[in-house]
Amino acid sequence: MSNQNTEIRQVRIAMRNCGIIDPSNIMEYIARSGYDALAKAIFEMQPNEVVDVVKASGLRGRGGGGFSTGTKWQFTAAAKADKKFVMCNADEGDPGAFMDRSILEGDPHGVLEAMAICGYAIGAQEGVIYIRAEYPRAVERLYQAIDQAESMGLLGDNIMGSNFSFKISLYLGAGAFVCGEETALMNSVQGGRGEPRLKPPFPAQRGLWDAPTNINNVETFANITQIILKGSDWFRSFGNEDSPGTKVFALAGKVNNVGLIEIPMGLPLRDVVDKIGGGVADGKKFKAIQTGGPSGGCIPAEHLDTPVDFKSLGALGSIMGSGGMIVMDEDDCMVGISKFFLEFTAEESCGKCTPCRVGNMRLLEILTRITEGTGKESDLAELENLSRTVCDTSLCGLGQSSPNPILSTLKFYRDEYLAHVVDKKCPSGTCTDLLNYEVVAEKCKGCTLCKPVCPVNCISGERKEVHIIDQDACIKCGACVDKCPFNAIIKG
């Protein structure tokens, strides 16, 4: 992005090398201090000192959970076992999200180096990257980077001539959204169904093949080398006390500038939309911003000054998630948005626990009734009660967060739900079952241009006469509205 304000507000840590180096050339990575952090860890620090630096940095998991990365490393390091694993979660399943893919395609060595540092810190000699097969370029770059690093003694046996050995392998997933959950991911690697496990025991205690396992996502690992090289205080100079550092987001939706952004935590949502996103597209009015992918909440205009951090977003009923951020304008129906995201999470449920398997389907049935015009006011209370039950009783994070779009839109856009169930109207005009296309007699010139474009021939009227639309036959396609040169056909 060329906007000067945009450049000021963005800070690259996780994506520091993306677009700058040739990811297929390890020498270009080395020229930008590549593998210096691993050398520093091995030759200048004890494993516990590495853990302490990461813990002091305040780095929290960037995959959605937001748990302290250093604390997770500490738990795994403390576990007593002959074998331990480091796992990188590259199963990026949120619709429209491509943060991890871009990092792996643009800077694969940054993740490999960080995994080796983690292995040294926790006492593991083997790493596994779980990546979806739909990322062929990222897979190719990773295989190439692993071969290059091994050939130079930066991975494999006796790294850099030390007593530390660490090898990394790839496992390709089949695209199940639930495999982004760490225990479902491990089951998949072991050849089982991608279903979550009961916790405890946590992966740090008993993970992959029942061995203590540390799992972080791609973006979390992408911060590690800079923390080791520059220190925890440097990392904490970005962001705020609750959420230090930066976060990568996939900014999408009704904004002028879309794409990946990396911003310091704590930046107000308003700056993201107006300064980095360039404002709402086509001069439309801002309506909501949804953070956290399909499991996130919708935040209205009155909360645009909310800082982007774990605590503040959570207080509004949303989540940081892995980094999806979608801007919506006045033409978006918030009931329809909730239904859209719930269709995805209901489809992706693994079915292991009843609250998620059955509860989400019941929620989807209620939302479908409302958007089709057969809902009733009592459905709103049922929606809220069932949503909270699903949140409180589901086994894993997928089910626990799937009702967030419903709960947040019920809280901030209840008037739209009431319009659907009481007035049988969609204020945004997007729920087709609640629309009627009508001809305004005063504007209709009888030009007949609308008749030929109607796919079901439901428009009648002779030339120079006011035309009539048969409401029972109309399929609400809107072709007549687009064709009328006099704006004589309205939807309402």
# chains A, B, ... in the order shown; residues from 1 in each chain; ligands from 1
>>> closest_atom_pairs(of="region 206-297 of chain A", to="region 184-200 of chain A", cutoff="9 Å", atoms="only C-alpha atoms", output="JSON lines")
{"residue": "A:Arg206", "atom": "CA", "partner": "A:Pro200", "partner_atom": "CA", "distance": 8.9}
{"residue": "A:Gly207", "atom": "CA", "partner": "A:Met186", "partner_atom": "CA", "distance": 7.1}
{"residue": "A:Leu208", "atom": "CA", "partner": "A:Met186", "partner_atom": "CA", "distance": 5.6}
{"residue": "A:Trp209", "atom": "CA", "partner": "A:Gln190", "partner_atom": "CA", "distance": 7.1}
>>> residues_around(residues="Cys426 (chain A)", least_positions_apart="2", cutoff="10 Å", atoms="only C-alpha atoms", output="list in words")
Cys333, Met334, Val335, Gly336, Ile370, Thr371, Glu372, Gly373, Glu416, Tyr417, Leu418, Ala419, His420, Val421, Asp423, Lys424, Ser428, Gly429, Thr430, Cys431, Thr432, Asp433, Leu434, Leu435 and Gly492 of chain A
>>> write_last_selection(atoms="N, CA, C and O atoms", output="short mmCIF file (atom, residue, chain, number, x, y, z; two decimals), in the first residue's frame")
data_model
loop_
_atom_site.label_atom_id
_atom_site.label_comp_id
_atom_site.auth_asym_id
_atom_site.auth_seq_id
_atom_site.Cartn_x
_atom_site.Cartn_y
_atom_site.Cartn_z
N CYS A 333 -26.97 -7.55 5.64
CA CYS A 333 -27.98 -7.94 6.63
C CYS A 333 -27.28 -8.74 7.72
O CYS A 333 -26.66 -9.78 7.44
N MET A 334 -27.37 -8.29 8.97
CA MET A 334 -26.63 -8.95 10.04
C MET A 334 -27.22 -10.31 10.39
O MET A 334 -26.50 -11.20 10.86
N VAL A 335 -28.52 -10.50 10.16
CA VAL A 335 -29.11 -11.82 10.36
C VAL A 335 -28.57 -12.78 9.30
O VAL A 335 -28.19 -13.92 9.61
N GLY A 336 -28.50 -12.31 8.07
CA GLY A 336 -27.95 -13.12 6.99
C GLY A 336 -26.47 -13.44 7.20
O GLY A 336 -26.01 -14.54 6.88
N ILE A 370 -36.03 -17.48 10.17
CA ILE A 370 -36.11 -16.02 10.30
C ILE A 370 -35.84 -15.34 8.96
O ILE A 370 -36.56 -14.41 8.56
N THR A 371 -34.83 -15.81 8.24
CA THR A 371 -34.49 -15.16 6.96
C THR A 371 -35.49 -15.51 5.87
O THR A 371 -35.57 -14.81 4.85
N GLU A 372 -36.28 -16.57 6.07
CA GLU A 372 -37.29 -16.93 5.07
C GLU A 372 -38.66 -16.34 5.38
O GLU A 372 -39.62 -16.54 4.64
N GLY A 373 -38.76 -15.63 6.51
CA GLY A 373 -40.00 -14.95 6.83
C GLY A 373 -40.98 -15.76 7.64
O GLY A 373 -42.13 -15.34 7.83
N GLU A 416 -32.75 -5.47 13.78
CA GLU A 416 -32.83 -6.16 12.50
C GLU A 416 -33.52 -7.51 12.64
O GLU A 416 -34.29 -7.93 11.78
N TYR A 417 -33.22 -8.22 13.73
CA TYR A 417 -33.90 -9.49 13.98
C TYR A 417 -35.41 -9.25 14.16
O TYR A 417 -36.24 -10.00 13.63
N LEU A 418 -35.76 -8.20 14.91
CA LEU A 418 -37.18 -7.89 15.14
C LEU A 418 -37.88 -7.54 13.83
O LEU A 418 -39.04 -7.93 13.61
N ALA A 419 -37.19 -6.82 12.97
CA ALA A 419 -37.79 -6.47 11.67
C ALA A 419 -38.09 -7.73 10.87
O ALA A 419 -39.12 -7.81 10.18
N HIS A 420 -37.23 -8.73 10.96
CA HIS A 420 -37.44 -9.97 10.23
C HIS A 420 -38.61 -10.78 10.78
O HIS A 420 -39.39 -11.36 10.01
N VAL A 421 -38.73 -10.84 12.11
CA VAL A 421 -39.74 -11.73 12.69
C VAL A 421 -41.08 -11.03 12.93
O VAL A 421 -42.13 -11.68 12.94
N ASP A 423 -42.02 -7.59 11.44
CA ASP A 423 -42.49 -6.88 10.24
C ASP A 423 -42.35 -7.73 8.98
O ASP A 423 -42.87 -7.34 7.93
N LYS A 424 -41.64 -8.85 9.09
CA LYS A 424 -41.38 -9.70 7.92
C LYS A 424 -40.68 -8.92 6.82
O LYS A 424 -40.94 -9.07 5.63
N SER A 428 -32.03 -4.46 5.09
CA SER A 428 -30.96 -4.29 4.11
C SER A 428 -31.36 -4.77 2.71
O SER A 428 -30.63 -4.55 1.75
N GLY A 429 -32.50 -5.43 2.63
CA GLY A 429 -32.99 -5.89 1.34
C GLY A 429 -32.19 -7.01 0.73
O GLY A 429 -32.10 -7.12 -0.50
N THR A 430 -31.59 -7.86 1.57
CA THR A 430 -30.78 -8.96 1.04
C THR A 430 -31.42 -10.33 1.23
O THR A 430 -31.03 -11.28 0.56
N CYS A 431 -32.35 -10.46 2.15
CA CYS A 431 -33.03 -11.75 2.35
C CYS A 431 -34.15 -11.84 1.32
O CYS A 431 -35.23 -11.25 1.48
N THR A 432 -33.92 -12.58 0.24
CA THR A 432 -34.81 -12.55 -0.91
C THR A 432 -36.23 -13.02 -0.58
O THR A 432 -37.19 -12.56 -1.21
N ASP A 433 -36.37 -13.91 0.38
CA ASP A 433 -37.71 -14.40 0.70
C ASP A 433 -38.56 -13.33 1.37
O ASP A 433 -39.79 -13.48 1.46
N LEU A 434 -37.95 -12.27 1.84
CA LEU A 434 -38.69 -11.18 2.49
C LEU A 434 -38.83 -9.97 1.58
O LEU A 434 -39.29 -8.91 2.02
N LEU A 435 -38.46 -10.11 0.32
CA LEU A 435 -38.51 -8.97 -0.61
C LEU A 435 -39.75 -9.02 -1.49
O LEU A 435 -40.26 -10.09 -1.81
N GLY A 492 -38.79 -3.86 -1.59
CA GLY A 492 -39.09 -3.48 -0.23
C GLY A 492 -39.67 -4.63 0.56
O GLY A 492 -39.76 -5.74 0.05
#
>>> residues_around(residues="region 70-86 of chain A", least_positions_apart="6", cutoff="6 Å", atoms="only C-alpha atoms", output="PyMOL selection string")
chain A and resi 51+54-55+122+124+126-127+204+211-214
>>> write_last_selection(atoms="C-alpha atoms", output="mmCIF file, in the first residue's frame")
data_model
loop_
_atom_site.group_PDB
_atom_site.id
_atom_site.type_symbol
_atom_site.label_atom_id
_atom_site.label_comp_id
_atom_site.auth_asym_id
_atom_site.auth_seq_id
_atom_site.Cartn_x
_atom_site.Cartn_y
_atom_site.Cartn_z
ATOM 1 C CA VAL A 51 12.003 -20.075 27.567
ATOM 2 C CA VAL A 54 9.916 -15.844 25.207
ATOM 3 C CA LYS A 55 7.806 -15.774 28.370
ATOM 4 C CA ILE A 122 11.965 -27.737 25.453
ATOM 5 C CA ALA A 124 12.753 -31.944 21.529
ATOM 6 C CA GLU A 126 11.762 -33.634 16.088
ATOM 7 C CA GLY A 127 9.354 -31.141 14.553
ATOM 8 C CA ALA A 204 2.387 -30.383 26.835
ATOM 9 C CA ALA A 211 4.731 -37.663 24.013
ATOM 10 C CA PRO A 212 4.910 -34.105 25.428
ATOM 11 C CA THR A 213 4.237 -31.780 22.493
ATOM 12 C CA ASN A 214 4.430 -28.031 22.007
#
>>> residues_around(residues="Leu267 (chain A)", least_positions_apart="5", cutoff="10 Å", atoms="only C-alpha atoms", output="number ranges by chain")
A: 9-10, 239-240, 246, 272, 305-309
>>> select_by_dssp(residues="region 257-474 of chain A", states="helix (DSSP H, G or I)", output="PyMOL selection string")
chain A and resi 269-276+281-283+293-295+301-303+310-315+334-348+354-357+359-372+378-393+397-401+404-412+414-423+432-434+450-453
>>> residues_around(residues="Leu142 (chain A)", least_positions_apart="6", cutoff="9 Å", atoms="only C-alpha atoms", output="VMD selection string")
chain A and resid 104 to 105 108 to 109 112 170
>>> write_last_selection(atoms="all heavy atoms", output="PDB file, in the first residue's frame")
ATOM      1  N   LEU A 104       4.559 -18.607   5.046  1.00  0.00           N
ATOM      2  CA  LEU A 104       5.260 -19.817   4.612  1.00  0.00           C
ATOM      3  C   LEU A 104       5.769 -19.695   3.183  1.00  0.00           C
ATOM      4  O   LEU A 104       6.850 -20.193   2.850  1.00  0.00           O
ATOM      5  CB  LEU A 104       4.343 -21.029   4.742  1.00  0.00           C
ATOM      6  CG  LEU A 104       3.980 -21.435   6.176  1.00  0.00           C
ATOM      7  CD1 LEU A 104       2.941 -22.553   6.161  1.00  0.00           C
ATOM      8  CD2 LEU A 104       5.210 -21.866   6.953  1.00  0.00           C
ATOM      9  N   GLU A 105       5.005 -19.038   2.323  1.00  0.00           N
ATOM     10  CA  GLU A 105       5.448 -18.856   0.945  1.00  0.00           C
ATOM     11  C   GLU A 105       6.560 -17.825   0.843  1.00  0.00           C
ATOM     12  O   GLU A 105       7.441 -17.932  -0.007  1.00  0.00           O
ATOM     13  CB  GLU A 105       4.276 -18.432   0.062  1.00  0.00           C
ATOM     14  CG  GLU A 105       3.248 -19.518  -0.180  1.00  0.00           C
ATOM     15  CD  GLU A 105       2.096 -19.066  -1.063  1.00  0.00           C
ATOM     16  OE1 GLU A 105       2.071 -17.865  -1.438  1.00  0.00           O
ATOM     17  OE2 GLU A 105       1.230 -19.896  -1.361  1.00  0.00           O
ATOM     18  N   PRO A 108       9.846 -19.101   4.549  1.00  0.00           N
ATOM     19  CA  PRO A 108       9.747 -20.417   5.198  1.00  0.00           C
ATOM     20  C   PRO A 108      10.833 -20.663   6.242  1.00  0.00           C
ATOM     21  O   PRO A 108      10.590 -21.321   7.256  1.00  0.00           O
ATOM     22  CB  PRO A 108       9.860 -21.399   4.032  1.00  0.00           C
ATOM     23  CG  PRO A 108      10.591 -20.647   2.963  1.00  0.00           C
ATOM     24  CD  PRO A 108      10.136 -19.233   3.104  1.00  0.00           C
ATOM     25  N   HIS A 109      12.034 -20.133   6.002  1.00  0.00           N
ATOM     26  CA  HIS A 109      13.127 -20.374   6.951  1.00  0.00           C
ATOM     27  C   HIS A 109      12.867 -19.731   8.308  1.00  0.00           C
ATOM     28  O   HIS A 109      13.341 -20.229   9.335  1.00  0.00           O
ATOM     29  CB  HIS A 109      14.450 -19.851   6.380  1.00  0.00           C
ATOM     30  CG  HIS A 109      15.002 -20.694   5.282  1.00  0.00           C
ATOM     31  ND1 HIS A 109      15.627 -21.903   5.490  1.00  0.00           N
ATOM     32  CD2 HIS A 109      15.006 -20.501   3.927  1.00  0.00           C
ATOM     33  CE1 HIS A 109      16.003 -22.416   4.334  1.00  0.00           C
ATOM     34  NE2 HIS A 109      15.636 -21.596   3.360  1.00  0.00           N
ATOM     35  N   LEU A 112      11.040 -22.390  10.201  1.00  0.00           N
ATOM     36  CA  LEU A 112      11.908 -23.531  10.497  1.00  0.00           C
ATOM     37  C   LEU A 112      12.898 -23.201  11.606  1.00  0.00           C
ATOM     38  O   LEU A 112      13.113 -24.004  12.531  1.00  0.00           O
ATOM     39  CB  LEU A 112      12.663 -23.953   9.235  1.00  0.00           C
ATOM     40  CG  LEU A 112      11.839 -24.388   8.021  1.00  0.00           C
ATOM     41  CD1 LEU A 112      12.757 -24.804   6.880  1.00  0.00           C
ATOM     42  CD2 LEU A 112      10.876 -25.509   8.377  1.00  0.00           C
ATOM     43  N   LEU A 170       6.982 -32.792   7.201  1.00  0.00           N
ATOM     44  CA  LEU A 170       5.683 -32.200   6.874  1.00  0.00           C
ATOM     45  C   LEU A 170       4.603 -33.271   6.877  1.00  0.00           C
ATOM     46  O   LEU A 170       4.856 -34.417   6.501  1.00  0.00           O
ATOM     47  CB  LEU A 170       5.721 -31.544   5.492  1.00  0.00           C
ATOM     48  CG  LEU A 170       6.038 -30.045   5.415  1.00  0.00           C
ATOM     49  CD1 LEU A 170       7.410 -29.757   5.985  1.00  0.00           C
ATOM     50  CD2 LEU A 170       5.934 -29.548   3.976  1.00  0.00           C
TER      51      LEU A 170
END
>>> atom_distance(atom1="CA of Gly266 (chain A)", atom2="CA of Cys88 (chain A)")
26.3 Å
>>> closest_residue(among="A:Ala97, A:Cys454, A:Ile490, A:Ala473", to="Ala441 (chain A)", atoms="only C-alpha atoms")
A:Ile490
>>> residues_around(residues="Val422 (chain A)", least_positions_apart="6", cutoff="9 Å", atoms="only C-alpha atoms", output="ChimeraX atom specification")
/A:375-377
>>> closest_residue(among="A:Gly399, A:Gly245, A:Gly61, A:Gly277", to="Thr354 (chain A)", atoms="only C-alpha atoms")
A:Gly399
>>> select_by_dssp(residues="region 124-363 of chain A", states="strand (DSSP E or B)", output="ChimeraX atom specification")
/A:126-132,156,166-173,213-217,239,244,246-253,255,259-264,268,280,286-291,297-300,307,324-329
>>> closest_residue(among="A:Asn457, A:Thr345, A:Asn158, A:Thr291", to="Ala250 (chain A)", atoms="only C-alpha atoms")
A:Thr291
>>> closest_atom_pairs(of="region 216-335 of chain A", to="region 404-414 of chain A", cutoff="9 Å", atoms="only C-alpha atoms", output="JSON lines")
{"residue": "A:Gln290", "atom": "CA", "partner": "A:Pro405", "partner_atom": "CA", "distance": 8.4}
{"residue": "A:Pro294", "atom": "CA", "partner": "A:Pro405", "partner_atom": "CA", "distance": 7.5}
{"residue": "A:Ser295", "atom": "CA", "partner": "A:Asn404", "partner_atom": "CA", "distance": 5.8}
{"residue": "A:Gly296", "atom": "CA", "partner": "A:Asn404", "partner_atom": "CA", "distance": 5.6}
{"residue": "A:Gly297", "atom": "CA", "partner": "A:Pro405", "partner_atom": "CA", "distance": 4.6}
{"residue": "A:Cys298", "atom": "CA", "partner": "A:Ser408", "partner_atom": "CA", "distance": 5.8}
{"residue": "A:Ile299", "atom": "CA", "partner": "A:Ser408", "partner_atom": "CA", "distance": 7.5}
{"residue": "A:Pro300", "atom": "CA", "partner": "A:Phe412", "partner_atom": "CA", "distance": 6.8}
{"residue": "A:Leu316", "atom": "CA", "partner": "A:Ser408", "partner_atom": "CA", "distance": 7.6}
{"residue": "A:Gly317", "atom": "CA", "partner": "A:Ser408", "partner_atom": "CA", "distance": 5.8}
{"residue": "A:Ser318", "atom": "CA", "partner": "A:Asn404", "partner_atom": "CA", "distance": 6.6}
{"residue": "A:Ile319", "atom": "CA", "partner": "A:Asn404", "partner_atom": "CA", "distance": 8.6}
{"residue": "A:Met334", "atom": "CA", "partner": "A:Thr409", "partner_atom": "CA", "distance": 6.4}
{"residue": "A:Val335", "atom": "CA", "partner": "A:Thr409", "partner_atom": "CA", "distance": 7.3}
>>> atom_distance(atom1="CA of Val440 (chain A)", atom2="CA of Ala488 (chain A)")
5.2 Å
>>> closest_residue(among="A:Phe340, A:Phe486, A:Tyr29, A:Tyr130", to="Gln148 (chain A)", atoms="only C-alpha atoms")
A:Tyr29
>>> decode(residues="region 233-303 of chain A", atoms="C-alpha atoms", output="PDB file, in the first residue's frame")
ATOM      1  CA  ASP A 233      11.733  -5.470  25.995  1.00  0.00           C
ATOM      2  CA  TRP A 234      12.055  -4.677  22.290  1.00  0.00           C
ATOM      3  CA  PHE A 235       9.056  -6.867  21.482  1.00  0.00           C
ATOM      4  CA  ARG A 236       7.029  -5.267  24.286  1.00  0.00           C
ATOM      5  CA  SER A 237       7.723  -1.832  22.810  1.00  0.00           C
ATOM      6  CA  PHE A 238       5.005  -2.690  20.290  1.00  0.00           C
ATOM      7  CA  GLY A 239       1.395  -3.263  21.264  1.00  0.00           C
ATOM      8  CA  ASN A 240       0.143  -2.850  24.814  1.00  0.00           C
ATOM      9  CA  GLU A 241       0.450  -4.530  28.198  1.00  0.00           C
ATOM     10  CA  ASP A 242      -2.304  -7.069  27.548  1.00  0.00           C
ATOM     11  CA  SER A 243      -1.219  -7.875  24.005  1.00  0.00           C
ATOM     12  CA  PRO A 244       2.422  -7.064  23.150  1.00  0.00           C
ATOM     13  CA  GLY A 245       3.790  -7.146  19.620  1.00  0.00           C
ATOM     14  CA  THR A 246       1.981  -7.058  16.299  1.00  0.00           C
ATOM     15  CA  LYS A 247      -0.777  -9.049  14.622  1.00  0.00           C
ATOM     16  CA  VAL A 248      -1.259  -9.969  10.986  1.00  0.00           C
ATOM     17  CA  PHE A 249      -4.799  -9.607   9.630  1.00  0.00           C
ATOM     18  CA  ALA A 250      -6.460 -10.439   6.341  1.00  0.00           C
ATOM     19  CA  LEU A 251      -8.480  -7.254   5.809  1.00  0.00           C
ATOM     20  CA  ALA A 252     -11.412  -7.905   3.486  1.00  0.00           C
ATOM     21  CA  GLY A 253     -14.951  -6.850   2.712  1.00  0.00           C
ATOM     22  CA  LYS A 254     -16.340  -3.418   1.908  1.00  0.00           C
ATOM     23  CA  VAL A 255     -13.128  -1.374   2.192  1.00  0.00           C
ATOM     24  CA  ASN A 256     -11.082   0.323  -0.490  1.00  0.00           C
ATOM     25  CA  ASN A 257      -7.797  -1.363   0.458  1.00  0.00           C
ATOM     26  CA  VAL A 258      -7.941  -5.110   1.027  1.00  0.00           C
ATOM     27  CA  GLY A 259      -5.111  -7.548   1.733  1.00  0.00           C
ATOM     28  CA  LEU A 260      -2.707  -8.528   4.486  1.00  0.00           C
ATOM     29  CA  ILE A 261      -1.766  -5.974   7.120  1.00  0.00           C
ATOM     30  CA  GLU A 262       0.497  -6.212  10.166  1.00  0.00           C
ATOM     31  CA  ILE A 263      -0.292  -3.725  12.899  1.00  0.00           C
ATOM     32  CA  PRO A 264       0.829  -3.090  16.472  1.00  0.00           C
ATOM     33  CA  MET A 265      -1.650  -4.494  18.964  1.00  0.00           C
ATOM     34  CA  GLY A 266      -3.816  -1.805  20.519  1.00  0.00           C
ATOM     35  CA  LEU A 267      -4.385   0.148  17.307  1.00  0.00           C
ATOM     36  CA  PRO A 268      -8.033   1.308  17.208  1.00  0.00           C
ATOM     37  CA  LEU A 269     -10.351  -0.456  14.781  1.00  0.00           C
ATOM     38  CA  ARG A 270     -11.180   2.966  13.324  1.00  0.00           C
ATOM     39  CA  ASP A 271      -7.577   3.390  12.158  1.00  0.00           C
ATOM     40  CA  VAL A 272      -7.672  -0.045  10.549  1.00  0.00           C
ATOM     41  CA  VAL A 273     -10.836   0.779   8.609  1.00  0.00           C
ATOM     42  CA  ASP A 274     -10.205   4.424   7.743  1.00  0.00           C
ATOM     43  CA  LYS A 275      -6.429   4.841   7.585  1.00  0.00           C
ATOM     44  CA  ILE A 276      -5.205   1.419   6.473  1.00  0.00           C
ATOM     45  CA  GLY A 277      -8.352   0.188   4.747  1.00  0.00           C
ATOM     46  CA  GLY A 278      -8.921   3.547   3.090  1.00  0.00           C
ATOM     47  CA  GLY A 279     -12.499   3.802   4.328  1.00  0.00           C
ATOM     48  CA  VAL A 280     -15.660   2.007   3.278  1.00  0.00           C
ATOM     49  CA  ALA A 281     -15.868   1.380  -0.461  1.00  0.00           C
ATOM     50  CA  ASP A 282     -18.220   3.185  -2.856  1.00  0.00           C
ATOM     51  CA  GLY A 283     -19.063   5.898  -0.325  1.00  0.00           C
ATOM     52  CA  LYS A 284     -21.285   3.544   1.632  1.00  0.00           C
ATOM     53  CA  LYS A 285     -21.929   3.829   5.365  1.00  0.00           C
ATOM     54  CA  PHE A 286     -19.939   1.624   7.731  1.00  0.00           C
ATOM     55  CA  LYS A 287     -22.083  -0.948   9.525  1.00  0.00           C
ATOM     56  CA  ALA A 288     -19.893  -3.548  11.227  1.00  0.00           C
ATOM     57  CA  ILE A 289     -16.498  -5.151  11.356  1.00  0.00           C
ATOM     58  CA  GLN A 290     -16.184  -8.842  12.076  1.00  0.00           C
ATOM     59  CA  THR A 291     -12.990 -10.151  13.643  1.00  0.00           C
ATOM     60  CA  GLY A 292     -11.882 -13.715  14.238  1.00  0.00           C
ATOM     61  CA  GLY A 293     -13.185 -15.519  11.172  1.00  0.00           C
ATOM     62  CA  PRO A 294     -16.422 -17.540  11.206  1.00  0.00           C
ATOM     63  CA  SER A 295     -16.217 -17.845  15.008  1.00  0.00           C
ATOM     64  CA  GLY A 296     -15.835 -14.127  15.622  1.00  0.00           C
ATOM     65  CA  GLY A 297     -18.282 -11.414  16.549  1.00  0.00           C
ATOM     66  CA  CYS A 298     -19.607  -8.380  14.695  1.00  0.00           C
ATOM     67  CA  ILE A 299     -18.620  -4.985  16.130  1.00  0.00           C
ATOM     68  CA  PRO A 300     -20.779  -1.899  15.354  1.00  0.00           C
ATOM     69  CA  ALA A 301     -19.797   1.677  14.554  1.00  0.00           C
ATOM     70  CA  GLU A 302     -20.140   2.922  18.148  1.00  0.00           C
ATOM     71  CA  HIS A 303     -17.248   0.656  19.137  1.00  0.00           C
TER      72      HIS A 303
END
